[in-house]
Amino acid sequence: MGLTVLAVHAHPDDEVMATGGTLRLLADQGVRTVLVTCTDGRYGDAPGAIKPGAPGHDPDAVAALRARELEASAAALGIARVVQLGYQDSGMMGWDHNDEPGAFWSTRIDEAADRLGAILRQEAPQVVVTYNEFGFYGHPDHIQAHRATRAALAALAAPPTLYYNALPLSAARRWREQAAPDPDAAASAEGEGFDPVALAVPDEEIAAAIDVRGVLGAKRAAMVAHASQLADAPWLSLDDDAFAAAMGWEWFVRAGHPVGLAGPSSDLLAGYR
């Protein structure tokens with residue numbers, strides 16, 4: 001049986017920023033890559049940066065558009081299988097949408113874990129990637145993805161290695177200066193109050209640092225595919241050198257390592273090949 005890496009993300013477009021290059025790199029190496037997207041993204045922006053609740057924002061239309069964008073992004077990244085669980089986007093933390101019937105945030109963890117567990121048993125990945133317990137930046141759907149993933153893995157007889165996408169402190173400082181020097185631009189790109197330095201982890205906690213500079217064309221193409229959400233992202237206005245400086249590495253914290261891995265690596269599949 002070949003090698004498989006499975007990523008669990010919350011919304012269409014989440015697969016790109018922190019894991020897109022890694023997924024493309026793995027696919028180019030002959031690794032099967034699987035993406036599970038938990039929600040439909042209906043409370044993202046409509047085209048023209050129209051916000052949820054504003055005139056012209058149709059959640060159903062946004063969800064349909066984002067599904068098409070996800071398909072194009074996955075093709076750019078060489079992802080072999082995309083599974084959309086289809087839960088309703090919960091919106092940002094504290095929004096009324098959090099508690100709507102069908103919202104991912106209001107879904108029982110055991111239900112979501114059962115569905116995810118079925119996919120894990122089908123695919124038998126050696127490595128799973130998702131978010132930490134804070135959902136990287138506190139989004140309820142990211143937190144729920146973490147909880148569902150942990151619950152699904154706990155039910156497996158032979159769990160895979162688990163990684164959380166992460167940002168080392170040194171890179172976060174550089175990223176803030178190079179990719180989004182204007183704090184208002186950074187907030188606009190990633191959500192109100194976004195500060196990469198505040199979300200970073202100490203460099204010594206990084207277990208895998210992946211050099212994705214060789215596949216940045218695919219990563220940029222996947223970002224462009226998510227035009228409804230990322231068209232105005234500051235990174236897309238960078239020239240190739242600046243884009244490589246900002247997006248050329250992806251980092252992960254190792255959260256579970258049944259094969260006894262220790263120390264840093266340049267390969268998510270270390271211990272399996």
# chains A, B, ... in the order shown; residues from 1 in each chain; ligands from 1

call {"tool": "residues_around", "arguments": {"residues": "Asp89 (chain A)", "least_positions_apart": "4", "cutoff": "9 Å", "atoms": "only C-alpha atoms", "output": "PyMOL selection string"}}
result
chain A and resi 10-11+38-44+63+97-98+102-105+141

call {"tool": "write_last_selection", "arguments": {"atoms": "N, CA and C atoms", "output": "CSV table (one decimal), in the first residue's frame"}}
result
chain,number,residue,atom,x,y,z
A,10,ALA,N,-11.3,23.5,7.7
A,10,ALA,CA,-12.7,23.9,8.1
A,10,ALA,C,-13.5,24.5,6.9
A,11,HIS,N,-12.9,25.3,6.1
A,11,HIS,CA,-13.6,26.0,5.0
A,11,HIS,C,-12.8,25.8,3.6
A,38,CYS,N,-14.7,20.7,6.1
A,38,CYS,CA,-15.8,20.4,7.0
A,38,CYS,C,-17.1,21.2,6.7
A,39,THR,N,-16.9,22.5,6.3
A,39,THR,CA,-18.1,23.4,6.1
A,39,THR,C,-18.2,23.9,4.7
A,40,ASP,N,-19.3,24.5,4.4
A,40,ASP,CA,-19.6,25.0,3.0
A,40,ASP,C,-19.1,26.4,2.8
A,41,GLY,N,-18.6,27.1,3.8
A,41,GLY,CA,-18.1,28.4,3.7
A,41,GLY,C,-19.1,29.5,3.3
A,42,ARG,N,-20.4,29.3,3.6
A,42,ARG,CA,-21.4,30.2,3.2
A,42,ARG,C,-21.3,31.6,3.8
A,43,TYR,N,-20.6,31.7,4.9
A,43,TYR,CA,-20.5,33.0,5.6
A,43,TYR,C,-19.2,33.7,5.3
A,44,GLY,N,-18.5,33.3,4.2
A,44,GLY,CA,-17.4,34.0,3.7
A,44,GLY,C,-17.9,35.2,2.9
A,63,ALA,N,-21.9,29.6,-1.0
A,63,ALA,CA,-21.5,28.2,-0.8
A,63,ALA,C,-21.2,27.5,-2.1
A,97,HIS,N,-24.9,32.9,13.8
A,97,HIS,CA,-24.8,31.7,13.0
A,97,HIS,C,-24.2,30.5,13.7
A,98,ASN,N,-23.4,30.8,14.8
A,98,ASN,CA,-22.8,29.7,15.6
A,98,ASN,C,-23.8,28.6,16.0
A,102,GLY,N,-27.5,22.8,12.0
A,102,GLY,CA,-26.7,22.4,10.9
A,102,GLY,C,-25.3,23.1,10.9
A,103,ALA,N,-25.1,24.2,11.7
A,103,ALA,CA,-23.8,24.8,11.8
A,103,ALA,C,-22.8,23.8,12.4
A,104,PHE,N,-21.6,23.9,11.9
A,104,PHE,CA,-20.6,22.9,12.4
A,104,PHE,C,-20.3,23.1,13.9
A,105,TRP,N,-20.3,24.4,14.3
A,105,TRP,CA,-20.1,24.6,15.8
A,105,TRP,C,-21.1,24.0,16.7
A,141,ASP,N,-15.1,27.1,13.7
A,141,ASP,CA,-15.1,25.9,12.8
A,141,ASP,C,-13.7,25.3,12.8

call {"tool": "select_by_dssp", "arguments": {"residues": "region 57-184 of chain A", "states": "strand (DSSP E)", "output": "list in words"}}
result
Arg81, Val82, Val83, Gln84, Leu85, Gly86, Tyr87, Val127, Val128, Val129, Thr130, Thr161, Leu162, Tyr163, Tyr164, Asn165 and Ala166 of chain A

call {"tool": "residues_around", "arguments": {"residues": "region 262-272 of chain A", "least_positions_apart": "3", "cutoff": "7 Å", "atoms": "only C-alpha atoms", "output": "PyMOL selection string"}}
result
chain A and resi 127+206-210+259

call {"tool": "write_last_selection", "arguments": {"atoms": "N, CA and C atoms", "output": "short mmCIF file (atom, residue, chain, number, x, y, z; two decimals), in the first residue's frame"}}
result
data_model
loop_
_atom_site.label_atom_id
_atom_site.label_comp_id
_atom_site.auth_asym_id
_atom_site.auth_seq_id
_atom_site.Cartn_x
_atom_site.Cartn_y
_atom_site.Cartn_z
N VAL A 127 -0.32 9.95 7.93
CA VAL A 127 -0.23 11.26 8.56
C VAL A 127 -1.55 12.01 8.37
N ILE A 206 8.56 23.68 16.55
CA ILE A 206 8.32 23.23 15.18
C ILE A 206 8.98 21.87 14.97
N ALA A 207 8.17 20.89 14.55
CA ALA A 207 8.68 19.54 14.33
C ALA A 207 8.95 19.25 12.87
N ALA A 208 8.28 19.95 11.97
CA ALA A 208 8.49 19.75 10.54
C ALA A 208 8.47 21.10 9.84
N ALA A 209 9.54 21.40 9.14
CA ALA A 209 9.64 22.61 8.33
C ALA A 209 9.78 22.16 6.89
N ILE A 210 8.78 22.49 6.06
CA ILE A 210 8.72 21.98 4.70
C ILE A 210 9.05 23.11 3.72
N VAL A 259 4.93 6.24 15.72
CA VAL A 259 6.14 5.55 15.28
C VAL A 259 7.37 6.01 16.06
#

call {"tool": "closest_residue", "arguments": {"among": "A:Leu216, A:Ala54, A:Ala151, A:Ile119", "to": "Leu23 (chain A)", "atoms": "only C-alpha atoms"}}
result
A:Leu216

call {"tool": "closest_residue", "arguments": {"among": "A:Glu15, A:Asp110, A:Asp28, A:Asp45", "to": "Asp232 (chain A)", "atoms": "only C-alpha atoms"}}
result
A:Asp45

call {"tool": "residues_around", "arguments": {"residues": "Pro202 (chain A)", "least_positions_apart": "5", "cutoff": "10 Å", "atoms": "only C-alpha atoms", "output": "list in words"}}
result
Ala166, Leu167, Pro168, Leu169 and Ser170 of chain A

call {"tool": "select_by_dssp", "arguments": {"residues": "region 62-270 of chain A", "states": "alpha helix (DSSP H)", "output": "PyMOL selection string"}}
result
chain A and resi 62-77+109-123+140-154+169-178+183-190+196-199+216-225+227-230+240-247

call {"tool": "closest_residue", "arguments": {"among": "A:Thr19, A:Gln88, A:Gln29, A:Thr161", "to": "Ala124 (chain A)", "atoms": "only C-alpha atoms"}}
result
A:Thr161

call {"tool": "closest_residue", "arguments": {"among": "A:Glu71, A:Ala145, A:Leu85, A:Ser90", "to": "Pro59 (chain A)", "atoms": "only C-alpha atoms"}}
result
A:Ser90

call {"tool": "atom_distance", "arguments": {"atom1": "CA of Ala227 (chain A)", "atom2": "CA of Trp175 (chain A)"}}
result
21.6 Å

call {"tool": "atom_distance", "arguments": {"atom1": "CA of Ala244 (chain A)", "atom2": "CA of Arg173 (chain A)"}}
result
15.6 Å

call {"tool": "atom_distance", "arguments": {"atom1": "CA of Glu69 (chain A)", "atom2": "CA of Gln126 (chain A)"}}
result
27.6 Å

call {"tool": "residues_around", "arguments": {"residues": "Leu26 (chain A)", "least_positions_apart": "3", "cutoff": "12 Å", "atoms": "only C-alpha atoms", "output": "ChimeraX atom specification"}}
result
/A:3-6,19-23,29-34,77-80,127,210-212,214-215,267-269

call {"tool": "residues_around", "arguments": {"residues": "Gln144 (chain A)", "least_positions_apart": "5", "cutoff": "10 Å", "atoms": "only C-alpha atoms", "output": "PyMOL selection string"}}
result
chain A and resi 9-10+38+104-109+112+131+133-135+139+149-150

call {"tool": "decode", "arguments": {"residues": "region 28-151 of chain A", "atoms": "C-alpha atoms", "output": "PDB file, in the first residue's frame"}}
result
ATOM      1  CA  ASP A  28       4.530  15.317  -6.871  1.00  0.00           C
ATOM      2  CA  GLN A  29       6.341  12.653  -4.840  1.00  0.00           C
ATOM      3  CA  GLY A  30       3.622  10.113  -5.580  1.00  0.00           C
ATOM      4  CA  VAL A  31       1.919  10.377  -2.177  1.00  0.00           C
ATOM      5  CA  ARG A  32      -1.875  10.164  -2.153  1.00  0.00           C
ATOM      6  CA  THR A  33      -3.282  13.377  -0.689  1.00  0.00           C
ATOM      7  CA  VAL A  34      -6.803  13.638   0.694  1.00  0.00           C
ATOM      8  CA  LEU A  35      -8.576  16.819   1.781  1.00  0.00           C
ATOM      9  CA  VAL A  36     -11.582  16.862   4.096  1.00  0.00           C
ATOM     10  CA  THR A  37     -13.353  20.242   4.156  1.00  0.00           C
ATOM     11  CA  CYS A  38     -15.835  20.419   7.013  1.00  0.00           C
ATOM     12  CA  THR A  39     -18.067  23.377   6.085  1.00  0.00           C
ATOM     13  CA  ASP A  40     -19.595  25.002   3.024  1.00  0.00           C
ATOM     14  CA  GLY A  41     -18.093  28.442   3.678  1.00  0.00           C
ATOM     15  CA  ARG A  42     -21.428  30.211   3.185  1.00  0.00           C
ATOM     16  CA  TYR A  43     -20.537  33.015   5.568  1.00  0.00           C
ATOM     17  CA  GLY A  44     -17.420  34.037   3.740  1.00  0.00           C
ATOM     18  CA  ASP A  45     -17.408  37.069   1.462  1.00  0.00           C
ATOM     19  CA  ALA A  46     -19.510  37.220  -1.669  1.00  0.00           C
ATOM     20  CA  PRO A  47     -17.740  38.459  -4.825  1.00  0.00           C
ATOM     21  CA  GLY A  48     -16.778  42.091  -4.482  1.00  0.00           C
ATOM     22  CA  ALA A  49     -15.904  41.581  -0.791  1.00  0.00           C
ATOM     23  CA  ILE A  50     -19.570  41.768   0.198  1.00  0.00           C
ATOM     24  CA  LYS A  51     -19.793  40.728   3.837  1.00  0.00           C
ATOM     25  CA  PRO A  52     -22.354  38.353   5.357  1.00  0.00           C
ATOM     26  CA  GLY A  53     -25.559  40.190   6.183  1.00  0.00           C
ATOM     27  CA  ALA A  54     -24.869  42.999   3.718  1.00  0.00           C
ATOM     28  CA  PRO A  55     -27.142  43.622   0.707  1.00  0.00           C
ATOM     29  CA  GLY A  56     -26.099  41.333  -2.124  1.00  0.00           C
ATOM     30  CA  HIS A  57     -24.743  38.544   0.083  1.00  0.00           C
ATOM     31  CA  ASP A  58     -26.562  35.287  -0.738  1.00  0.00           C
ATOM     32  CA  PRO A  59     -25.195  32.505   1.515  1.00  0.00           C
ATOM     33  CA  ASP A  60     -26.381  29.725  -0.786  1.00  0.00           C
ATOM     34  CA  ALA A  61     -24.706  31.356  -3.781  1.00  0.00           C
ATOM     35  CA  VAL A  62     -21.518  31.902  -1.797  1.00  0.00           C
ATOM     36  CA  ALA A  63     -21.463  28.236  -0.764  1.00  0.00           C
ATOM     37  CA  ALA A  64     -21.939  27.100  -4.361  1.00  0.00           C
ATOM     38  CA  LEU A  65     -19.193  29.429  -5.588  1.00  0.00           C
ATOM     39  CA  ARG A  66     -16.773  28.315  -2.906  1.00  0.00           C
ATOM     40  CA  ALA A  67     -17.366  24.661  -3.794  1.00  0.00           C
ATOM     41  CA  ARG A  68     -16.288  25.449  -7.359  1.00  0.00           C
ATOM     42  CA  GLU A  69     -13.289  27.386  -6.121  1.00  0.00           C
ATOM     43  CA  LEU A  70     -12.315  24.453  -3.913  1.00  0.00           C
ATOM     44  CA  GLU A  71     -12.422  22.109  -6.892  1.00  0.00           C
ATOM     45  CA  ALA A  72     -10.079  24.395  -8.854  1.00  0.00           C
ATOM     46  CA  SER A  73      -7.728  24.800  -5.907  1.00  0.00           C
ATOM     47  CA  ALA A  74      -7.563  21.049  -5.320  1.00  0.00           C
ATOM     48  CA  ALA A  75      -6.712  20.507  -8.970  1.00  0.00           C
ATOM     49  CA  ALA A  76      -3.875  23.034  -8.736  1.00  0.00           C
ATOM     50  CA  LEU A  77      -2.543  21.282  -5.634  1.00  0.00           C
ATOM     51  CA  GLY A  78      -2.824  17.791  -7.092  1.00  0.00           C
ATOM     52  CA  ILE A  79      -5.136  16.586  -4.341  1.00  0.00           C
ATOM     53  CA  ALA A  80      -6.364  13.090  -5.158  1.00  0.00           C
ATOM     54  CA  ARG A  81      -9.638  13.172  -3.215  1.00  0.00           C
ATOM     55  CA  VAL A  82     -11.721  15.993  -1.759  1.00  0.00           C
ATOM     56  CA  VAL A  83     -14.475  15.200   0.723  1.00  0.00           C
ATOM     57  CA  GLN A  84     -16.883  17.976   1.674  1.00  0.00           C
ATOM     58  CA  LEU A  85     -18.693  17.093   4.877  1.00  0.00           C
ATOM     59  CA  GLY A  86     -21.201  19.844   4.084  1.00  0.00           C
ATOM     60  CA  TYR A  87     -21.765  21.324   7.523  1.00  0.00           C
ATOM     61  CA  GLN A  88     -22.962  24.905   7.531  1.00  0.00           C
ATOM     62  CA  ASP A  89     -20.311  27.546   8.071  1.00  0.00           C
ATOM     63  CA  SER A  90     -20.626  28.832  11.646  1.00  0.00           C
ATOM     64  CA  GLY A  91     -19.313  32.328  10.993  1.00  0.00           C
ATOM     65  CA  MET A  92     -16.851  34.020  13.310  1.00  0.00           C
ATOM     66  CA  MET A  93     -16.896  33.346  17.040  1.00  0.00           C
ATOM     67  CA  GLY A  94     -19.890  34.990  18.703  1.00  0.00           C
ATOM     68  CA  TRP A  95     -21.995  35.353  15.575  1.00  0.00           C
ATOM     69  CA  ASP A  96     -25.609  34.197  15.749  1.00  0.00           C
ATOM     70  CA  HIS A  97     -24.779  31.693  13.012  1.00  0.00           C
ATOM     71  CA  ASN A  98     -22.757  29.689  15.551  1.00  0.00           C
ATOM     72  CA  ASP A  99     -25.936  28.186  16.992  1.00  0.00           C
ATOM     73  CA  GLU A 100     -27.973  27.676  13.842  1.00  0.00           C
ATOM     74  CA  PRO A 101     -29.185  24.126  13.137  1.00  0.00           C
ATOM     75  CA  GLY A 102     -26.652  22.438  10.901  1.00  0.00           C
ATOM     76  CA  ALA A 103     -23.817  24.796  11.808  1.00  0.00           C
ATOM     77  CA  PHE A 104     -20.562  22.948  12.384  1.00  0.00           C
ATOM     78  CA  TRP A 105     -20.062  24.649  15.756  1.00  0.00           C
ATOM     79  CA  SER A 106     -23.433  23.341  16.988  1.00  0.00           C
ATOM     80  CA  THR A 107     -22.847  19.804  15.673  1.00  0.00           C
ATOM     81  CA  ARG A 108     -22.173  17.048  18.181  1.00  0.00           C
ATOM     82  CA  ILE A 109     -18.512  16.088  18.160  1.00  0.00           C
ATOM     83  CA  ASP A 110     -19.291  12.383  18.103  1.00  0.00           C
ATOM     84  CA  GLU A 111     -21.382  12.800  14.953  1.00  0.00           C
ATOM     85  CA  ALA A 112     -18.656  14.671  13.090  1.00  0.00           C
ATOM     86  CA  ALA A 113     -16.010  12.279  14.421  1.00  0.00           C
ATOM     87  CA  ASP A 114     -17.968   9.262  13.190  1.00  0.00           C
ATOM     88  CA  ARG A 115     -18.138  10.697   9.683  1.00  0.00           C
ATOM     89  CA  LEU A 116     -14.489  11.643   9.687  1.00  0.00           C
ATOM     90  CA  GLY A 117     -13.553   8.284  11.172  1.00  0.00           C
ATOM     91  CA  ALA A 118     -15.200   6.484   8.263  1.00  0.00           C
ATOM     92  CA  ILE A 119     -12.991   8.426   5.856  1.00  0.00           C
ATOM     93  CA  LEU A 120      -9.904   7.690   7.934  1.00  0.00           C
ATOM     94  CA  ARG A 121     -10.652   3.975   7.854  1.00  0.00           C
ATOM     95  CA  GLN A 122     -11.139   4.096   4.080  1.00  0.00           C
ATOM     96  CA  GLU A 123      -7.915   5.978   3.425  1.00  0.00           C
ATOM     97  CA  ALA A 124      -5.675   4.644   6.244  1.00  0.00           C
ATOM     98  CA  PRO A 125      -3.349   7.663   6.112  1.00  0.00           C
ATOM     99  CA  GLN A 126       0.052   7.543   7.745  1.00  0.00           C
ATOM    100  CA  VAL A 127      -0.226  11.264   8.556  1.00  0.00           C
ATOM    101  CA  VAL A 128      -3.138  13.564   9.394  1.00  0.00           C
ATOM    102  CA  VAL A 129      -2.883  17.352   9.462  1.00  0.00           C
ATOM    103  CA  THR A 130      -5.318  19.760  11.129  1.00  0.00           C
ATOM    104  CA  TYR A 131      -5.365  22.717  13.551  1.00  0.00           C
ATOM    105  CA  ASN A 132      -4.376  22.987  17.200  1.00  0.00           C
ATOM    106  CA  GLU A 133      -6.943  23.261  19.990  1.00  0.00           C
ATOM    107  CA  PHE A 134      -7.268  27.015  19.388  1.00  0.00           C
ATOM    108  CA  GLY A 135      -8.020  26.415  15.715  1.00  0.00           C
ATOM    109  CA  PHE A 136      -4.833  28.389  14.928  1.00  0.00           C
ATOM    110  CA  TYR A 137      -6.644  31.718  15.340  1.00  0.00           C
ATOM    111  CA  GLY A 138      -9.814  30.985  17.298  1.00  0.00           C
ATOM    112  CA  HIS A 139     -12.365  30.438  14.540  1.00  0.00           C
ATOM    113  CA  PRO A 140     -15.135  28.151  15.847  1.00  0.00           C
ATOM    114  CA  ASP A 141     -15.083  25.908  12.779  1.00  0.00           C
ATOM    115  CA  HIS A 142     -11.322  25.460  13.078  1.00  0.00           C
ATOM    116  CA  ILE A 143     -11.684  24.553  16.741  1.00  0.00           C
ATOM    117  CA  GLN A 144     -14.444  22.102  15.883  1.00  0.00           C
ATOM    118  CA  ALA A 145     -12.293  20.545  13.154  1.00  0.00           C
ATOM    119  CA  HIS A 146      -9.573  19.990  15.752  1.00  0.00           C
ATOM    120  CA  ARG A 147     -12.001  18.400  18.197  1.00  0.00           C
ATOM    121  CA  ALA A 148     -13.600  16.139  15.583  1.00  0.00           C
ATOM    122  CA  THR A 149     -10.203  15.043  14.291  1.00  0.00           C
ATOM    123  CA  ARG A 150      -8.901  14.199  17.748  1.00  0.00           C
ATOM    124  CA  ALA A 151     -12.060  12.247  18.563  1.00  0.00           C
TER     125      ALA A 151
END
